[in-house]
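Source file: model.pdb. Holds: PDB, C-alpha atoms and all ligand atoms.
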```
ATOM      1  CA  MET H1099      18.724 -15.548   4.886
ATOM      2  CA  TYR H1100      15.312 -14.844   6.438
ATOM      3  CA  ASN H1101      15.351 -11.230   7.552
ATOM      4  CA  ILE H1102      12.513 -10.508   9.965
ATOM      5  CA  ARG H1103      13.049  -6.739   9.804
ATOM      6  CA  LYS H1104      12.835  -6.683   6.030
ATOM      7  CA  THR H1105       9.718  -8.857   6.169
ATOM      8  CA  LYS H1106       8.104  -6.517   8.651
ATOM      9  CA  LEU H1107       8.785  -3.598   6.319
ATOM     10  CA  MET H1108       7.569  -5.386   3.221
ATOM     11  CA  LYS H1109       4.053  -4.391   2.290
ATOM     12  CA  ARG H1110       1.319  -6.987   2.666
ATOM     13  CA  ASP H1111      -1.884  -7.157   0.651
ATOM     14  CA  PHE H1112      -5.135  -8.810   1.729
ATOM     15  CA  PRO H1113      -6.599 -10.272  -1.484
ATOM     16  CA  SER H1114      -8.067 -13.395   0.113
ATOM     17  CA  ILE H1115      -8.375 -15.362   3.359
ATOM     18  CA  GLN H1116      -5.735 -17.701   1.987
ATOM     19  CA  SER H1117      -3.140 -14.943   2.281
ATOM     20  CA  LEU H1118      -3.339 -15.233   6.101
ATOM     21  CA  SER H1119      -1.676 -18.010   8.064
ATOM     22  CA  ASN H1120      -3.855 -19.736  10.664
ATOM     23  CA  LYS H1121      -1.831 -17.939  13.350
ATOM     24  CA  GLU H1122      -2.407 -14.543  11.719
ATOM     25  CA  LEU H1123      -6.123 -15.267  11.473
ATOM     26  CA  GLU H1124      -6.214 -16.058  15.203
ATOM     27  CA  SER H1125      -4.263 -12.855  16.015
ATOM     28  CA  LEU H1126      -6.650 -10.776  13.912
ATOM     29  CA  LEU H1127      -9.645 -12.229  15.762
ATOM     30  CA  THR H1128      -8.006 -11.517  19.123
ATOM     31  CA  LEU H1129      -7.185  -7.948  18.080
ATOM     32  CA  THR H1130     -10.768  -7.515  16.814
ATOM     33  CA  LYS H1131     -12.090  -8.504  20.229
ATOM     34  CA  THR H1132      -9.848  -5.939  21.911
ATOM     35  CA  LEU H1133     -10.936  -3.245  19.464
ATOM     36  CA  LYS H1134     -14.621  -4.089  19.914
ATOM     37  CA  THR H1135     -14.379  -4.126  23.709
ATOM     38  CA  ASN H1136     -12.328  -0.946  23.977
ATOM     39  CA  ARG H1137     -13.390   1.385  21.210
ATOM     40  CA  LYS H1138     -11.008   4.180  22.253
ATOM     41  CA  LYS H1139      -7.965   1.906  21.984
ATOM     42  CA  TYR H1140      -5.608   2.637  19.082
ATOM     43  CA  GLY H1141      -7.607   5.844  18.428
ATOM     44  CA  GLN H1142      -4.574   7.625  16.982
ATOM     45  CA  ASP H1143      -2.750   4.741  15.320
ATOM     46  CA  LEU H1144      -3.686   5.828  11.795
ATOM     47  CA  LYS H1145      -2.953   9.509  12.456
ATOM     48  CA  GLY H1146      -1.448  11.054   9.333
ATOM     49  CA  LYS H1147      -2.465   8.077   7.161
ATOM     50  CA  THR H1148      -4.818   8.377   4.201
ATOM     51  CA  ILE H1149      -6.604   5.345   2.805
ATOM     52  CA  GLY H1150      -8.342   5.315  -0.582
ATOM     53  CA  LEU H1151     -11.504   3.344  -1.294
ATOM     54  CA  VAL H1152     -11.516   2.405  -4.979
ATOM     55  CA  PHE H1153     -15.030   1.058  -5.527
ATOM     56  CA  GLN H1154     -16.274  -0.088  -8.935
ATOM     57  CA  LYS H1155     -19.596  -1.379  -7.516
ATOM     58  CA  PRO H1156     -22.084  -0.015  -4.943
ATOM     59  CA  SER H1157     -21.654  -0.642  -1.221
ATOM     60  CA  ASN H1158     -23.292   0.167   2.090
ATOM     61  CA  ARG H1159     -21.501  -1.944   4.721
ATOM     62  CA  THR H1160     -18.016  -2.143   3.221
ATOM     63  CA  ARG H1161     -17.753   1.534   2.399
ATOM     64  CA  VAL H1162     -19.289   2.868   5.607
ATOM     65  CA  SER H1163     -17.551   0.427   7.951
ATOM     66  CA  PHE H1164     -14.146   1.128   6.379
ATOM     67  CA  GLU H1165     -14.658   4.898   6.449
ATOM     68  CA  VAL H1166     -15.770   4.845  10.098
ATOM     69  CA  ALA H1167     -12.975   2.418  11.059
ATOM     70  CA  ILE H1168     -10.379   4.735   9.507
ATOM     71  CA  TRP H1169     -11.787   7.849  11.202
ATOM     72  CA  GLN H1170     -12.023   6.086  14.580
ATOM     73  CA  LEU H1171      -8.343   5.124  14.270
ATOM     74  CA  GLY H1172      -7.389   8.750  13.586
ATOM     75  CA  GLY H1173      -6.831   8.459   9.814
ATOM     76  CA  ASN H1174      -8.417  10.002   6.727
ATOM     77  CA  CYS H1175     -10.081   8.361   3.757
ATOM     78  CA  ILE H1176     -11.072   9.225   0.218
ATOM     79  CA  TYR H1177     -13.894   7.432  -1.593
ATOM     80  CA  LEU H1178     -13.151   6.938  -5.288
ATOM     81  CA  GLY H1179     -16.195   5.601  -7.115
ATOM     82  CA  PRO H1180     -16.505   4.471 -10.734
ATOM     83  CA  ASP H1181     -16.886   8.092 -11.925
ATOM     84  CA  GLU H1182     -13.434   8.947 -10.593
ATOM     85  CA  ILE H1183     -11.615   5.685 -11.215
ATOM     86  CA  ASN H1184     -12.900   3.402 -13.915
ATOM     87  CA  LEU H1185     -10.314   0.605 -13.754
ATOM     88  CA  GLY H1186      -9.015  -0.421 -17.150
ATOM     89  CA  LYS H1187     -11.261   2.043 -18.985
ATOM     90  CA  ARG H1188     -10.222   5.578 -18.044
ATOM     91  CA  GLU H1189      -6.713   4.298 -17.356
ATOM     92  CA  THR H1190      -4.958   1.024 -16.769
ATOM     93  CA  THR H1191      -5.079  -0.715 -13.400
ATOM     94  CA  HIS H1192      -1.281  -0.540 -13.445
ATOM     95  CA  ASP H1193      -1.309   3.282 -13.736
ATOM     96  CA  VAL H1194      -3.993   3.610 -11.061
ATOM     97  CA  ALA H1195      -1.923   1.484  -8.645
ATOM     98  CA  LYS H1196       1.283   3.444  -9.312
ATOM     99  CA  THR H1197      -0.410   6.844  -9.064
ATOM    100  CA  LEU H1198      -2.410   6.144  -5.919
ATOM    101  CA  SER H1199       0.696   4.745  -4.195
ATOM    102  CA  ARG H1200       2.202   8.257  -4.417
ATOM    103  CA  TYR H1201      -0.690   9.719  -2.383
ATOM    104  CA  LEU H1202      -2.117   6.996  -0.193
ATOM    105  CA  ASP H1203      -1.011   4.667   2.608
ATOM    106  CA  ALA H1204      -3.375   1.830   1.656
ATOM    107  CA  ILE H1205      -6.064   1.018  -0.900
ATOM    108  CA  VAL H1206      -9.355  -0.796  -0.282
ATOM    109  CA  ALA H1207     -10.675  -1.997  -3.643
ATOM    110  CA  ARG H1208     -14.042  -3.388  -4.741
ATOM    111  CA  THR H1209     -13.769  -4.673  -8.292
ATOM    112  CA  PHE H1210     -15.674  -6.820 -10.752
ATOM    113  CA  THR H1211     -12.834  -9.200 -11.540
ATOM    114  CA  HIS H1212     -10.461 -10.566  -8.940
ATOM    115  CA  GLY H1213      -7.666 -10.020 -11.459
ATOM    116  CA  ASP H1214      -7.955  -6.275 -10.806
ATOM    117  CA  ILE H1215      -7.306  -6.812  -7.074
ATOM    118  CA  VAL H1216      -4.223  -8.872  -7.884
ATOM    119  CA  GLU H1217      -3.047  -6.325 -10.477
ATOM    120  CA  LEU H1218      -3.498  -3.437  -8.033
ATOM    121  CA  GLY H1219      -1.534  -5.339  -5.384
ATOM    122  CA  LYS H1220       1.223  -6.193  -7.828
ATOM    123  CA  HIS H1221       1.846  -2.605  -8.886
ATOM    124  CA  ALA H1222       0.963  -0.647  -5.734
ATOM    125  CA  SER H1223       3.695  -0.013  -3.189
ATOM    126  CA  VAL H1224       1.035   0.272  -0.460
ATOM    127  CA  PRO H1225      -1.205  -2.517   0.937
ATOM    128  CA  VAL H1226      -4.250  -3.422  -1.154
ATOM    129  CA  ILE H1227      -7.288  -4.835   0.670
ATOM    130  CA  ASN H1228      -9.984  -6.738  -1.199
ATOM    131  CA  GLY H1229     -13.356  -5.134  -0.431
ATOM    132  CA  LEU H1230     -15.145  -7.713  -2.681
ATOM    133  CA  SER H1231     -14.322  -9.178  -6.051
ATOM    134  CA  ASP H1232     -16.101 -11.832  -8.104
ATOM    135  CA  LEU H1233     -13.896 -14.454  -6.415
ATOM    136  CA  ALA H1234     -13.600 -13.410  -2.784
ATOM    137  CA  HIS H1235     -14.881 -11.267   0.083
ATOM    138  CA  PRO H1236     -12.248 -11.782   2.777
ATOM    139  CA  CYS H1237     -13.255  -8.863   5.048
ATOM    140  CA  GLN H1238     -16.778 -10.289   5.158
ATOM    141  CA  ALA H1239     -15.457 -13.735   6.054
ATOM    142  CA  LEU H1240     -13.359 -12.336   8.912
ATOM    143  CA  ALA H1241     -16.463 -10.646  10.334
ATOM    144  CA  ASP H1242     -18.401 -13.881   9.805
ATOM    145  CA  VAL H1243     -16.031 -16.146  11.718
ATOM    146  CA  PHE H1244     -15.617 -13.480  14.419
ATOM    147  CA  SER H1245     -19.428 -13.413  14.764
ATOM    148  CA  ILE H1246     -19.619 -17.222  14.936
ATOM    149  CA  ARG H1247     -16.968 -17.276  17.653
ATOM    150  CA  GLU H1248     -18.781 -14.505  19.501
ATOM    151  CA  LYS H1249     -21.897 -16.698  19.647
ATOM    152  CA  PHE H1250     -20.320 -20.119  20.264
ATOM    153  CA  GLY H1251     -17.019 -19.276  21.981
ATOM    154  CA  LYS H1252     -14.001 -21.380  21.124
ATOM    155  CA  GLN H1253     -16.168 -24.484  20.686
ATOM    156  CA  LYS H1254     -14.764 -26.444  17.736
ATOM    157  CA  ASN H1255     -17.617 -28.762  16.863
ATOM    158  CA  ILE H1256     -19.455 -26.262  14.667
ATOM    159  CA  THR H1257     -20.942 -26.953  11.259
ATOM    160  CA  VAL H1258     -21.596 -23.984   8.993
ATOM    161  CA  ALA H1259     -24.094 -24.633   6.193
ATOM    162  CA  TYR H1260     -23.980 -22.203   3.286
ATOM    163  CA  VAL H1261     -26.989 -22.422   0.950
ATOM    164  CA  GLY H1262     -26.803 -20.666  -2.416
ATOM    165  CA  ASP H1263     -24.370 -19.451  -5.050
ATOM    166  CA  GLY H1264     -20.839 -20.820  -4.641
ATOM    167  CA  ASN H1265     -19.152 -17.521  -5.433
ATOM    168  CA  ASN H1266     -17.291 -14.726  -3.608
ATOM    169  CA  VAL H1267     -18.874 -14.786  -0.121
ATOM    170  CA  CYS H1268     -19.071 -18.584  -0.124
ATOM    171  CA  HIS H1269     -15.413 -18.962  -1.182
ATOM    172  CA  SER H1270     -14.059 -16.745   1.592
ATOM    173  CA  LEU H1271     -16.404 -18.217   4.190
ATOM    174  CA  MET H1272     -15.335 -21.798   3.443
ATOM    175  CA  LEU H1273     -11.641 -20.931   3.671
ATOM    176  CA  ALA H1274     -12.042 -18.991   6.930
ATOM    177  CA  CYS H1275     -14.208 -21.696   8.527
ATOM    178  CA  VAL H1276     -11.864 -24.601   7.924
ATOM    179  CA  LYS H1277      -8.846 -22.587   9.079
ATOM    180  CA  LEU H1278     -10.589 -22.355  12.464
ATOM    181  CA  GLY H1279     -11.614 -26.020  12.426
ATOM    182  CA  TYR H1280     -15.316 -25.432  11.638
ATOM    183  CA  ASN H1281     -16.952 -27.983   9.323
ATOM    184  CA  ILE H1282     -18.353 -26.412   6.180
ATOM    185  CA  HIS H1283     -21.319 -27.674   4.158
ATOM    186  CA  ILE H1284     -22.077 -25.977   0.842
ATOM    187  CA  ALA H1285     -25.348 -26.548  -1.009
ATOM    188  CA  SER H1286     -25.540 -24.971  -4.461
ATOM    189  CA  PRO H1287     -27.583 -25.757  -7.567
ATOM    190  CA  LYS H1288     -25.772 -27.685 -10.288
ATOM    191  CA  GLY H1289     -23.447 -25.338 -12.149
ATOM    192  CA  PHE H1290     -23.184 -22.914  -9.211
ATOM    193  CA  GLU H1291     -20.888 -24.933  -6.959
ATOM    194  CA  PRO H1292     -17.761 -23.235  -5.534
ATOM    195  CA  LYS H1293     -14.770 -23.127  -7.875
ATOM    196  CA  ASP H1294     -12.609 -26.260  -7.912
ATOM    197  CA  SER H1295      -9.462 -24.244  -7.171
ATOM    198  CA  VAL H1296     -11.032 -22.818  -3.996
ATOM    199  CA  VAL H1297     -12.368 -26.223  -2.952
ATOM    200  CA  GLN H1298      -8.847 -27.631  -3.300
ATOM    201  CA  LEU H1299      -7.350 -24.861  -1.150
ATOM    202  CA  THR H1300     -10.099 -25.419   1.410
ATOM    203  CA  GLN H1301      -9.381 -29.155   1.483
ATOM    204  CA  LYS H1302      -5.711 -28.441   2.085
ATOM    205  CA  SER H1303      -6.451 -26.131   5.023
ATOM    206  CA  ALA H1304      -9.063 -28.530   6.402
ATOM    207  CA  HIS H1305      -6.525 -31.319   6.402
ATOM    208  CA  ALA H1306      -4.441 -29.372   8.922
ATOM    209  CA  THR H1307      -7.327 -28.563  11.294
ATOM    210  CA  GLY H1308      -9.481 -31.690  10.894
ATOM    211  CA  ALA H1309     -12.481 -29.721   9.576
ATOM    212  CA  LYS H1310     -14.892 -31.639   7.330
ATOM    213  CA  ILE H1311     -16.172 -30.359   3.974
ATOM    214  CA  LEU H1312     -19.392 -31.324   2.217
ATOM    215  CA  ILE H1313     -20.260 -29.982  -1.239
ATOM    216  CA  THR H1314     -23.755 -30.977  -2.294
ATOM    217  CA  ASN H1315     -26.713 -29.968  -4.446
ATOM    218  CA  SER H1316     -29.093 -30.671  -1.557
ATOM    219  CA  PRO H1317     -29.871 -27.812   0.879
ATOM    220  CA  GLN H1318     -31.482 -30.366   3.215
ATOM    221  CA  GLU H1319     -28.334 -32.463   3.395
ATOM    222  CA  ALA H1320     -26.194 -29.368   4.036
ATOM    223  CA  VAL H1321     -28.380 -27.910   6.789
ATOM    224  CA  GLN H1322     -29.044 -31.165   8.679
ATOM    225  CA  GLY H1323     -27.774 -30.659  12.265
ATOM    226  CA  ALA H1324     -25.865 -27.444  11.413
ATOM    227  CA  GLN H1325     -25.184 -24.754  14.018
ATOM    228  CA  VAL H1326     -25.018 -21.997  11.391
ATOM    229  CA  ILE H1327     -27.130 -21.406   8.260
ATOM    230  CA  TYR H1328     -25.737 -18.804   5.872
ATOM    231  CA  SER H1329     -27.184 -17.316   2.701
ATOM    232  CA  ASP H1330     -26.372 -14.680   0.096
ATOM    233  CA  VAL H1331     -28.306 -13.161  -2.810
ATOM    234  CA  PHE H1332     -28.965 -15.300  -5.885
ATOM    235  CA  ILE H1333     -28.003 -12.476  -8.273
ATOM    236  CA  SER H1334     -24.698 -10.833  -7.400
ATOM    237  CA  MET H1335     -23.648  -7.325  -8.386
ATOM    238  CA  GLY H1336     -22.741  -7.289 -12.059
ATOM    239  CA  GLU H1337     -25.082 -10.211 -12.860
ATOM    240  CA  GLU H1338     -28.278  -8.165 -13.078
ATOM    241  CA  THR H1339     -28.802  -8.969 -16.767
ATOM    242  CA  GLN H1340     -29.005 -12.694 -15.913
ATOM    243  CA  GLY H1341     -31.931 -11.799 -13.579
ATOM    244  CA  ALA H1342     -34.840 -14.241 -13.559
ATOM    245  CA  ALA H1343     -33.051 -16.849 -15.685
ATOM    246  CA  LYS H1344     -30.397 -17.293 -12.986
ATOM    247  CA  ALA H1345     -32.823 -16.958 -10.052
ATOM    248  CA  ASN H1346     -34.983 -19.782 -11.484
ATOM    249  CA  GLN H1347     -32.093 -22.184 -11.088
ATOM    250  CA  PHE H1348     -32.094 -21.490  -7.332
ATOM    251  CA  THR H1349     -35.626 -22.778  -6.779
ATOM    252  CA  GLY H1350     -35.507 -24.882  -3.605
ATOM    253  CA  PHE H1351     -32.481 -23.008  -2.246
ATOM    254  CA  GLN H1352     -34.468 -20.539  -0.147
ATOM    255  CA  VAL H1353     -33.751 -20.572   3.586
ATOM    256  CA  ASN H1354     -37.203 -20.813   5.171
ATOM    257  CA  SER H1355     -38.726 -22.365   8.296
ATOM    258  CA  GLY H1356     -39.032 -25.781   6.605
ATOM    259  CA  LEU H1357     -35.315 -25.891   5.864
ATOM    260  CA  ALA H1358     -34.230 -24.305   9.147
ATOM    261  CA  LYS H1359     -36.160 -27.004  11.056
ATOM    262  CA  LEU H1360     -33.440 -29.458  10.018
ATOM    263  CA  ALA H1361     -30.673 -27.451  11.711
ATOM    264  CA  ASP H1362     -29.536 -27.680  15.322
ATOM    265  CA  LYS H1363     -32.222 -26.162  17.554
ATOM    266  CA  ASN H1364     -29.819 -23.404  18.679
ATOM    267  CA  TYR H1365     -28.716 -22.542  15.141
ATOM    268  CA  ILE H1366     -27.839 -18.993  14.110
ATOM    269  CA  TYR H1367     -28.843 -17.489  10.771
ATOM    270  CA  MET H1368     -26.282 -15.376   8.901
ATOM    271  CA  HIS H1369     -26.354 -13.284   5.723
ATOM    272  CA  CYS H1370     -23.682 -10.918   4.409
ATOM    273  CA  LEU H1371     -26.423  -8.461   3.297
ATOM    274  CA  PRO H1372     -27.873  -6.890   1.240
ATOM    275  CA  ALA H1373     -30.721  -9.431   1.466
ATOM    276  CA  HIS H1374     -33.785 -10.006  -0.666
ATOM    277  CA  ARG H1375     -36.595 -11.230   1.556
ATOM    278  CA  GLY H1376     -38.796 -13.748  -0.219
ATOM    279  CA  GLU H1377     -35.947 -14.845  -2.506
ATOM    280  CA  GLU H1378     -32.924 -16.449  -0.802
ATOM    281  CA  VAL H1379     -34.493 -16.122   2.679
ATOM    282  CA  THR H1380     -37.933 -15.563   4.147
ATOM    283  CA  ALA H1381     -38.629 -12.585   6.422
ATOM    284  CA  ASP H1382     -39.505 -14.792   9.418
ATOM    285  CA  ILE H1383     -35.978 -16.253   9.324
ATOM    286  CA  ILE H1384     -33.865 -13.151   8.660
ATOM    287  CA  ASP H1385     -35.938 -11.043  11.074
ATOM    288  CA  GLY H1386     -36.439 -13.887  13.539
ATOM    289  CA  PRO H1387     -34.784 -14.784  16.861
ATOM    290  CA  HIS H1388     -31.989 -16.914  15.339
ATOM    291  CA  SER H1389     -30.745 -14.165  13.020
ATOM    292  CA  ILE H1390     -27.490 -12.359  13.830
ATOM    293  CA  VAL H1391     -27.200 -10.446  10.538
ATOM    294  CA  PHE H1392     -26.781  -7.008  12.120
ATOM    295  CA  ASP H1393     -24.130  -8.262  14.570
ATOM    296  CA  GLN H1394     -22.310  -9.523  11.490
ATOM    297  CA  ALA H1395     -22.672  -6.121   9.819
ATOM    298  CA  GLU H1396     -21.381  -4.358  12.957
ATOM    299  CA  ASN H1397     -18.421  -6.702  13.208
ATOM    300  CA  ARG H1398     -17.214  -5.565   9.768
ATOM    301  CA  LEU H1399     -16.190  -2.334  11.515
ATOM    302  CA  HIS H1400     -14.173  -4.003  14.267
ATOM    303  CA  VAL H1401     -12.511  -6.617  12.120
ATOM    304  CA  GLN H1402     -11.480  -4.124   9.432
ATOM    305  CA  LYS H1403      -9.810  -1.963  12.075
ATOM    306  CA  ALA H1404      -7.728  -5.009  12.964
ATOM    307  CA  VAL H1405      -6.880  -5.583   9.279
ATOM    308  CA  LEU H1406      -5.781  -1.961   8.821
ATOM    309  CA  LEU H1407      -3.585  -2.005  11.935
ATOM    310  CA  PHE H1408      -2.068  -5.324  10.896
ATOM    311  CA  LEU H1409      -1.290  -4.324   7.295
ATOM    312  CA  LEU H1410       0.019  -0.900   8.221
ATOM    313  CA  ASN H1411       2.445  -2.526  10.669
ATOM    314  CA  LYS H1412       0.783  -0.970  13.690
ATOM    315  CA  LYS H1413       0.049  -4.373  15.274
TER     316      LYS H1413
HETATM  317  N1  LIG T   1     -21.811  -7.328   2.837
HETATM  318  C1  LIG T   1     -21.339  -6.317   2.092
HETATM  319  O1  LIG T   1     -20.186  -6.310   1.647
HETATM  320  O2  LIG T   1     -22.221  -5.302   1.935
HETATM  321  P1  LIG T   1     -22.055  -4.075   0.940
HETATM  322  O3  LIG T   1     -22.145  -4.606  -0.465
HETATM  323  O4  LIG T   1     -23.170  -3.150   1.273
HETATM  324  O5  LIG T   1     -20.713  -3.446   1.174
HETATM  325  N1  LIG T   2     -22.473 -12.119  -3.699
HETATM  326  C1  LIG T   2     -22.832 -10.734  -3.459
HETATM  327  C2  LIG T   2     -22.230 -10.266  -2.169
HETATM  328  C3  LIG T   2     -22.531  -8.843  -1.795
HETATM  329  C4  LIG T   2     -21.889  -8.430  -0.513
HETATM  330  C5  LIG T   2     -22.369  -9.891  -4.627
HETATM  331  O1  LIG T   2     -21.273 -10.141  -5.151
HETATM  332  O2  LIG T   2     -23.090  -8.976  -5.019
END
```
Show this structure as structure tokens.
Amino acid sequence: MYNIRKTKLMKRDFPSIQSLSNKELESLLTLTKTLKTNRKKYGQDLKGKTIGLVFQKPSNRTRVSFEVAIWQLGGNCIYLGPDEINLGKRETTHDVAKTLSRYLDAIVARTFTHGDIVELGKHASVPVINGLSDLAHPCQALADVFSIREKFGKQKNITVAYVGDGNNVCHSLMLACVKLGYNIHIASPKGFEPKDSVVQLTQKSAHATGAKILITNSPQEAVQGAQVIYSDVFISMGEETQGAAKANQFTGFQVNSGLAKLADKNYIYMHCLPAHRGEEVTADIIDGPHSIVFDQAENRLHVQKAVLLFLLNKK
């Protein structure tokens, strides 16, 4: 029999946007708004809790916004970089998950392979939050859709055009968008399209909300009439050795004034950051009047507070 109390006590992980129901996504966005509007609210809700940040790759936004979110909610955090925890090399991911569960109340993990996030979640008795893997960046996507809603309100007829590599940020963005009923257009070079498995999940969610999906190799087709243009770096962390060879395949996928001209005249420009001006986006666009990239970065803080309160059964 379904036991609500047991369910409430069962730990929840946050590996991907797909792990949230549409209703939970809505509740998280509502809670985020409350937290952003009233920064003192829930200021002691993580009192006595310690959260570990297991990061295998560098980070500015994810690390700092999580640390500040935890402090502002009254908790403590410990940053564990690759020198302390080298997943699968110094010790197994299994042993790391079991050990850290004896000390911590939650783990935020940034890993190379998504399998490590899943493995941590499987063996940890505390919630595991994905702070970026090769497959997904769900905390980023929550901040992204919160930022879109902040600009456009609850308006449904929004088309988000992502131009670039169909990997982690793109995957989470497409899932989050269709769950809220936003149309999603993805333009990637051949061979860099989003993974079929993620496209299928996105189609399933879109079916329920009526959102439309376009996957194309043409940035112009994707951006035409869009309310949002989104880009990410061409070379992700861990791909540095592919360098110029990979970047060359993204010729024509730069967001510049010529491309942006095709969008809705009130479009917003978004980027998860870090950005490389002159590569995936020109300076006039990212530093121009349509850009909301620093609102997006700020919203990581508010949205991650909501995630922590939700997973630690405080909300
Ligand atoms: N957008 C994002 O996750 O930034 P960091 O890599 O700096 O954390
Ligand atoms: N796609 C980028 C996102 C960084 C936030 C990367 O994986 O490096």
Can you tell me how far CA of Met1335 (chain H) sits from atom C1 of ligand LIG 2 (chain T), in Å to one decimal? 6.0 Å
From the set H:Ala1343, H:Val1226, H:Leu1127, H:Met1368, which residue has the shortest atom-to-atom contact distance to ligand LIG 1 (chain T), counting all atoms listed in the file? H:Met1368
Set the cut-off to 8 Å, count only C-alpha atoms and all ligand atoms, and list whatever residues fall near ligand LIG 2 (chain T) as a list of chain:residue names. H:Ser1157, H:Leu1230, H:Ser1231, H:Asp1232, H:His1235, H:Gln1238, H:Asp1263, H:Asn1265, H:Asn1266, H:Val1267, H:Asp1330, H:Val1331, H:Phe1332, H:Ile1333, H:Ser1334, H:Met1335, H:Gly1336, H:Cys1370, H:Leu1371, H:Pro1372
In the coordinates of the file, take the point (-8.6, -2.1, 0.3) and a cut-off of 8 Å; then, counting all atoms listed in the file, name each qualifying protein, DNA or RNA residue as a list in words.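 Residues lying no farther than 8 Å from the given point: Phe1112, Gly1150, Leu1151, Val1152, Ala1204, Ile1205, Val1206, Ala1207, Arg1208, Pro1225, Val1226, Ile1227, Asn1228 and Gly1229 of chain H.
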Axis-aligned box for ligand LIG 1 (chain T), 3 Å per side, centre and edges in Å as JSON:
```
{"center_x": -21.7, "center_y": -5.2, "center_z": 1.2, "size_x": 9.0, "size_y": 10.2, "size_z": 9.3}
```
How far is it from CA of Ala1373 (chain H) to CA of His1269 (chain H), in Å with one decimal?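 That distance, rounded to one decimal, is 18.2 Å.
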Could you tell me which residues the PyMOL selection byres (((chain H and resi 1146) around 8) and not hetatm) returns for this structure, as an NGL selection string? :H and (1144-1145 or 1147-1148 or 1172-1174)
For CA of Gly1262 (chain H) and CA of Ser1286 (chain H), determine how far apart the two atoms are, in Å to one decimal place. 4.9 Å
When distances are computed from all atoms listed in the file, which of H:Pro1236, H:Pro1156, H:Gly1350, H:Gly1323 shows the smallest separation from Val1405 (chain H)?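 Among the listed residues, H:Pro1236 lies closest to Val1405 (chain H).
Among the candidates H:His1369, H:Arg1159, H:Lys1220, H:Lys1134, the residue lying nearest to Val1261 (chain H) is H:His1369 (atoms considered: all atoms listed in the file).
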Determine the nearest neighbour of ligand LIG 1 (chain T) from the options H:Tyr1177, H:Phe1250, H:Trp1169, H:Phe1153, counting all atoms listed in the file.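 Nearest to ligand LIG 1 (chain T): H:Phe1153.
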So that I can check the surroundings of region 1390-1396 of chain H, please list as an MDAnalysis selection string every protein, DNA and RNA residue that reaches within 12 Å of it, counting only C-alpha atoms and ignoring chain neighbours fewer than 5 positions away. chainID H and resid 1130 1134 1158:1164 1166:1167 1237:1249 1326:1330 1365:1373 1383:1385 1401:1403
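The closest residue to ligand LIG 1 (chain T), picked from H:Gln1298, H:Thr1257, H:Asn1397, H:Asn1346 and counting only C-alpha atoms and all ligand atoms, is H:Asn1397.
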Translate the PyMOL selection byres (((chain H and resi 1184) around 12) and not hetatm) into a concrete residue list for this structure, as a PDB file with C-alpha atoms, in the coordinates of the input.
```pdb
ATOM      1  CA  VAL H1152     -11.516   2.405  -4.979  1.00  0.00           C
ATOM      2  CA  PHE H1153     -15.030   1.058  -5.527  1.00  0.00           C
ATOM      3  CA  GLN H1154     -16.274  -0.088  -8.935  1.00  0.00           C
ATOM      4  CA  LYS H1155     -19.596  -1.379  -7.516  1.00  0.00           C
ATOM      5  CA  LEU H1178     -13.151   6.938  -5.288  1.00  0.00           C
ATOM      6  CA  GLY H1179     -16.195   5.601  -7.115  1.00  0.00           C
ATOM      7  CA  PRO H1180     -16.505   4.471 -10.734  1.00  0.00           C
ATOM      8  CA  ASP H1181     -16.886   8.092 -11.925  1.00  0.00           C
ATOM      9  CA  GLU H1182     -13.434   8.947 -10.593  1.00  0.00           C
ATOM     10  CA  ILE H1183     -11.615   5.685 -11.215  1.00  0.00           C
ATOM     11  CA  LEU H1185     -10.314   0.605 -13.754  1.00  0.00           C
ATOM     12  CA  GLY H1186      -9.015  -0.421 -17.150  1.00  0.00           C
ATOM     13  CA  LYS H1187     -11.261   2.043 -18.985  1.00  0.00           C
ATOM     14  CA  ARG H1188     -10.222   5.578 -18.044  1.00  0.00           C
ATOM     15  CA  GLU H1189      -6.713   4.298 -17.356  1.00  0.00           C
ATOM     16  CA  THR H1190      -4.958   1.024 -16.769  1.00  0.00           C
ATOM     17  CA  THR H1191      -5.079  -0.715 -13.400  1.00  0.00           C
ATOM     18  CA  ASP H1193      -1.309   3.282 -13.736  1.00  0.00           C
ATOM     19  CA  VAL H1194      -3.993   3.610 -11.061  1.00  0.00           C
ATOM     20  CA  ALA H1207     -10.675  -1.997  -3.643  1.00  0.00           C
ATOM     21  CA  ARG H1208     -14.042  -3.388  -4.741  1.00  0.00           C
ATOM     22  CA  THR H1209     -13.769  -4.673  -8.292  1.00  0.00           C
ATOM     23  CA  PHE H1210     -15.674  -6.820 -10.752  1.00  0.00           C
ATOM     24  CA  ASP H1214      -7.955  -6.275 -10.806  1.00  0.00           C
TER      25      ASP H1214
END
```
Closest of H:Arg1398, H:Lys1109, H:Lys1288, H:Lys1310 to ligand LIG 1 (chain T) - atom-to-atom distances counting only C-alpha atoms and all ligand atoms: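 The shortest atom-to-atom distance to ligand LIG 1 (chain T) comes from H:Arg1398.
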Given the file shown, enumerate the residues that the PyMOL selection byres (((chain H and resi 1407) around 10) and not hetatm) captures and present them as a compact mmCIF listing (two decimals) with C-alpha atoms, in the frame of the given file.
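Below is the file selection01.txt, written as the result:
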```txt
# COMPACT_ATOMS: atom_id res chain seq x y z
CA LEU H 1126 -6.65 -10.78 13.91
CA LEU H 1129 -7.18 -7.95 18.08
CA TYR H 1140 -5.61 2.64 19.08
CA ASP H 1143 -2.75 4.74 15.32
CA LEU H 1144 -3.69 5.83 11.80
CA ILE H 1168 -10.38 4.74 9.51
CA LEU H 1171 -8.34 5.12 14.27
CA GLN H 1402 -11.48 -4.12 9.43
CA LYS H 1403 -9.81 -1.96 12.08
CA ALA H 1404 -7.73 -5.01 12.96
CA VAL H 1405 -6.88 -5.58 9.28
CA LEU H 1406 -5.78 -1.96 8.82
CA PHE H 1408 -2.07 -5.32 10.90
CA LEU H 1409 -1.29 -4.32 7.30
CA LEU H 1410 0.02 -0.90 8.22
CA ASN H 1411 2.44 -2.53 10.67
CA LYS H 1412 0.78 -0.97 13.69
CA LYS H 1413 0.05 -4.37 15.27
```
